[in-house]
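Chemist: For reference, this is final.txt, and it has compact mmCIF, C-alpha atoms.
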# COMPACT_ATOMS: atom_id res chain seq x y z
CA MET A 1190 75.33 87.89 99.45
CA THR A 1191 72.25 86.17 98.09
CA ARG A 1192 72.85 83.42 95.56
CA LEU A 1193 71.57 84.55 92.16
CA GLN A 1194 70.21 82.37 89.39
CA ALA A 1195 72.71 82.36 86.51
CA ASP A 1196 70.12 82.37 83.75
CA GLY A 1197 68.22 85.53 84.63
CA ARG A 1198 68.43 89.25 85.17
CA HIS A 1199 68.12 90.53 88.72
CA PRO A 1200 67.02 93.93 90.04
CA ILE A 1201 69.78 96.04 91.52
CA ARG A 1202 68.86 99.02 93.67
CA PHE A 1203 71.43 101.74 94.27
CA THR A 1204 72.00 105.44 94.73
CA LEU A 1205 73.97 107.00 91.87
CA ASN A 1206 75.39 110.47 92.43
CA GLY A 1207 72.69 111.20 95.00
CA ASN A 1208 69.77 109.82 93.00
CA LYS A 1209 67.99 106.55 93.78
CA GLY A 1210 68.00 104.09 90.92
CA GLU A 1211 67.18 100.56 89.93
CA ALA A 1212 68.15 98.48 86.90
CA ALA A 1213 68.50 94.81 86.09
CA ALA A 1214 71.67 92.85 85.42
CA GLU A 1215 72.77 89.31 84.85
CA PRO A 1216 74.84 87.90 87.74
CA ARG A 1217 78.12 88.00 85.77
CA MET A 1218 77.71 91.55 84.39
CA LEU A 1219 80.59 93.83 85.29
CA LEU A 1220 79.83 97.12 86.99
CA THR A 1221 81.45 99.06 84.13
CA ASP A 1222 79.03 97.50 81.64
CA PHE A 1223 76.10 97.98 84.01
CA LEU A 1224 76.84 101.68 84.54
CA ARG A 1225 77.42 102.38 80.86
CA GLN A 1226 74.80 100.16 79.20
CA GLU A 1227 72.01 99.77 81.73
CA VAL A 1228 72.20 103.05 83.65
CA GLY A 1229 73.64 105.43 81.03
CA ALA A 1230 76.55 106.68 83.18
CA THR A 1231 79.03 106.67 80.32
CA GLY A 1232 81.66 108.78 82.08
CA THR A 1233 83.07 105.61 83.63
CA HIS A 1234 85.49 104.32 81.02
CA VAL A 1235 86.49 100.75 80.26
CA GLY A 1236 90.22 100.51 79.66
CA CYS A 1237 92.31 97.48 80.46
CA GLU A 1238 89.55 95.45 82.17
CA HIS A 1239 92.18 94.16 84.61
CA GLY A 1240 92.08 96.95 87.23
CA VAL A 1241 95.47 98.31 86.17
CA CYS A 1242 94.78 101.48 84.18
CA GLY A 1243 92.32 103.15 86.59
CA ALA A 1244 90.00 104.53 83.89
CA CYS A 1245 87.02 102.83 85.56
CA THR A 1246 87.61 104.22 89.07
CA ILE A 1247 84.46 105.20 90.97
CA THR A 1248 83.45 105.20 94.63
CA VAL A 1249 81.18 102.59 96.18
CA ASP A 1250 79.99 103.51 99.66
CA GLY A 1251 82.81 106.04 99.87
CA MET A 1252 85.59 103.64 98.88
CA LEU A 1253 87.58 103.88 95.66
CA THR A 1254 86.63 100.95 93.46
CA ARG A 1255 87.72 99.63 90.09
CA ALA A 1256 84.37 99.10 88.39
CA CYS A 1257 85.90 96.67 85.89
CA LEU A 1258 86.71 94.27 88.75
CA THR A 1259 83.30 94.55 90.43
CA LEU A 1260 80.13 92.71 89.55
CA ALA A 1261 77.01 94.83 89.16
CA ALA A 1262 75.18 92.59 91.64
CA GLN A 1263 77.67 93.59 94.33
CA ILE A 1264 76.40 97.18 94.42
CA ASP A 1265 72.84 96.31 95.38
CA GLY A 1266 71.91 98.78 98.13
CA CYS A 1267 75.13 100.81 97.73
CA ASP A 1268 75.86 104.49 97.22
CA ILE A 1269 77.74 104.92 93.93
CA ARG A 1270 79.57 108.04 92.80
CA THR A 1271 80.88 108.44 89.27
CA VAL A 1272 82.60 111.28 87.46
CA GLU A 1273 79.18 112.64 86.51
CA GLY A 1274 78.67 113.38 90.21
CA LEU A 1275 81.66 115.73 90.49
CA ALA A 1276 79.97 118.69 88.81
CA PRO A 1277 77.64 120.73 91.03
CA SER A 1278 75.13 120.97 88.16
CA LEU A 1279 74.82 120.02 84.50
CA ASP A 1280 75.97 123.47 83.40
CA ARG A 1281 78.86 123.93 85.88
CA LEU A 1282 82.13 122.08 86.37
CA GLY A 1283 83.50 121.28 89.81
CA VAL A 1284 86.66 122.79 91.30
CA LEU A 1285 88.86 119.86 90.30
CA GLN A 1286 87.43 119.72 86.79
CA LEU A 1287 88.04 123.46 86.31
CA ALA A 1288 91.63 123.07 87.54
CA PHE A 1289 92.14 120.29 84.99
CA ARG A 1290 90.83 122.57 82.25
CA ARG A 1291 92.99 125.54 83.29
CA ASN A 1292 96.15 123.40 83.51
CA HIS A 1293 95.56 121.39 80.33
CA ALA A 1294 95.58 118.25 82.48
CA LEU A 1295 93.79 116.16 79.91
CA GLN A 1296 94.38 115.47 76.30
CA CYS A 1297 92.53 112.47 74.92
CA GLY A 1298 90.53 112.37 78.16
CA PHE A 1299 90.25 108.60 78.37
CA CYS A 1300 91.98 108.31 81.75
CA THR A 1301 90.57 111.58 83.09
CA ALA A 1302 87.36 110.26 84.70
CA GLY A 1303 89.20 107.74 86.85
CA ILE A 1304 91.93 110.18 87.80
CA LEU A 1305 89.36 112.81 88.77
CA MET A 1306 87.54 110.30 90.97
CA SER A 1307 90.75 109.23 92.72
CA LEU A 1308 91.90 112.81 93.24
CA ASP A 1309 88.50 113.95 94.50
CA HIS A 1310 88.47 111.10 97.03
CA PHE A 1311 92.08 111.78 98.05
CA LEU A 1312 91.71 115.56 98.39
CA ARG A 1313 88.63 115.17 100.61
CA LYS A 1314 90.78 113.20 103.08
CA ASN A 1315 94.06 115.10 102.50
CA PRO A 1316 93.35 118.83 102.10
CA THR A 1317 97.04 119.81 101.99
CA PRO A 1318 98.76 117.16 99.88
CA SER A 1319 102.37 117.29 98.80
CA GLU A 1320 103.40 116.85 95.20
CA SER A 1321 104.91 113.46 96.04
CA GLU A 1322 101.64 112.29 97.63
CA ILE A 1323 99.74 113.25 94.50
CA ARG A 1324 102.31 111.52 92.29
CA ASP A 1325 102.01 108.43 94.46
CA LEU A 1326 98.23 108.45 94.02
CA LEU A 1327 98.63 108.89 90.26
CA SER A 1328 100.89 105.84 90.09
CA GLY A 1329 97.66 103.83 90.18
CA HIS A 1330 96.55 105.34 86.86
CA LEU A 1331 97.87 105.09 83.34
CA CYS A 1332 97.89 108.22 81.19
CA ARG A 1333 99.66 108.07 77.87
CA CYS A 1334 99.15 111.69 76.81
CA THR A 1335 100.02 114.21 79.53
CA GLY A 1336 103.16 113.01 81.28
CA TYR A 1337 101.28 113.65 84.57
CA THR A 1338 102.89 117.07 85.25
CA PRO A 1339 99.79 119.11 84.32
CA ILE A 1340 97.64 116.70 86.34
CA VAL A 1341 99.82 117.25 89.41
CA ARG A 1342 99.63 121.04 88.92
CA ALA A 1343 95.84 120.86 88.60
CA ALA A 1344 95.53 118.71 91.72
CA LEU A 1345 97.68 121.08 93.78
CA GLU A 1346 95.72 124.07 92.51
CA ALA A 1347 92.39 122.41 93.31
CA ALA A 1348 93.63 121.44 96.79
CA ALA A 1349 94.56 125.07 97.48
CA GLU A 1350 91.16 126.22 96.25
CA PHE A 1351 89.32 123.62 98.39
CA LEU A 1352 91.36 124.71 101.41
CA GLU A 1353 90.63 128.40 100.77
CA LYS A 1354 86.90 127.69 100.43
CA SER A 1355 86.86 125.69 103.66
CA ARG A 1356 88.70 128.47 105.52
CA SER A 1357 86.37 131.18 104.23
CA LYS A 1358 83.37 129.03 105.19
CA GLU A 1359 84.78 128.55 108.70
CA THR A 1360 85.12 132.31 109.23
CA SER A 1361 81.76 133.15 107.65
CA ASP A 1362 79.88 130.64 109.83
CA ALA A 1363 81.50 131.82 113.08
Now that the file is in, can you turn its structure into structure tokens?
Modeler:
Amino acid sequence: MTRLQADGRHPIRFTLNGNKGEAAAEPRMLLTDFLRQEVGATGTHVGCEHGVCGACTITVDGMLTRACLTLAAQIDGCDIRTVEGLAPSLDRLGVLQLAFRRNHALQCGFCTAGILMSLDHFLRKNPTPSESEIRDLLSGHLCRCTGYTPIVRAALEAAAEFLEKSRSKETSDA
């Protein structure tokens, strides 16, 4: 990584949810602050600022990342995905988001963005998860409102829907 001057702002180029972007940041600016204040991606929440609660979870180059533990300068040239990237369009929710809504899997909503990002990442790699696997994943997130049961139900429902869509696509493309 290039050594940055501490007393200035530096350009950071990135792809955010499929769109190329550039903004400036001081070398010590956290990625959460950069996304929220410089880029306007306010779906990424700042919770504990210690990487424990999971509210700031995003993906950087396809890897789950705690944005509160990452410097903005570290994402130069990276592909970033935030909760805003889960919806197929501004007027439509994604499969996982709809499952959360149907199952009342959010209450205050503070933890929801990070949980959605983790589940989306997990379900892409594990299309037929067990309840215990989902609960294990959720152990990396703190939610003080739901008791996790509706979140688990929503995740299992979304997984089944993803699987059904992939099966129907396989047969329709044959």
Chemist: Choose the residue, out of A:Arg1225, A:Arg1202, A:Arg1291, A:His1239, that has the smallest atom-to-atom separation from Ile1264 in chain A; count only C-alpha atoms.
Modeler: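 Among A:Arg1225, A:Arg1202, A:Arg1291, A:His1239, it is A:Arg1202 that comes nearest to Ile1264 in chain A.
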Chemist: Find the residues around Ala1288 in chain A up to 10 Å (all atoms listed in the file counted), leave out those fewer than 2 positions away in its own chain, and share them as a list of chain:residue names.
Modeler: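 Once the nearby chain positions are removed, what remains is A:Leu1282, A:Gly1283, A:Val1284, A:Leu1285, A:Gln1286, A:Arg1290, A:Arg1291, A:Asn1292, A:His1293, A:Ala1294, A:Pro1339, A:Ile1340, A:Arg1342, A:Ala1343, A:Ala1344, A:Leu1345, A:Glu1346, A:Ala1347, A:Ala1348, A:Glu1350.
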Chemist: Measuring atom to atom with all atoms listed in the file, identify which of A:Val1249, A:Leu1205, A:Ala1244, A:Leu1219 is nearest to Leu1327 in chain A.
Modeler: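 Answer, going by the shortest atom-to-atom distance: A:Ala1244.
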Chemist: Looking at A:His1330, A:Arg1270, A:Arg1356, A:Lys1209, which one is nearest to Pro1316 in chain A, with distances taken over only C-alpha atoms?
Modeler: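 The answer is A:Arg1356, which sits nearest to Pro1316 in chain A.
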Chemist: Please determine the residues with any atom at most 12 Å from (81.6, 105.6, 86.8) (coordinates as given in the file, with all atoms listed in the file counting) and report them as a ChimeraX atom specification.
Modeler: /A:1205-1206,1219-1226,1228-1235,1243-1249,1253-1257,1259,1261,1268-1275,1300-1307
Chemist: Which residue is closest to Gly1298 in chain A? Choose from A:Gly1251, A:Gly1207, A:Gly1266, A:Gly1236 and count only C-alpha atoms.
Modeler: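 Among A:Gly1251, A:Gly1207, A:Gly1266, A:Gly1236, it is A:Gly1236 that comes nearest to Gly1298 in chain A.
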Chemist: Measure the distance from CA of Ser1321 in chain A to CA of Gly1240 in chain A in Å and round it to one decimal.
Modeler: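 Computed distance, CA of Ser1321 in chain A to CA of Gly1240 in chain A, equals 22.7 Å.
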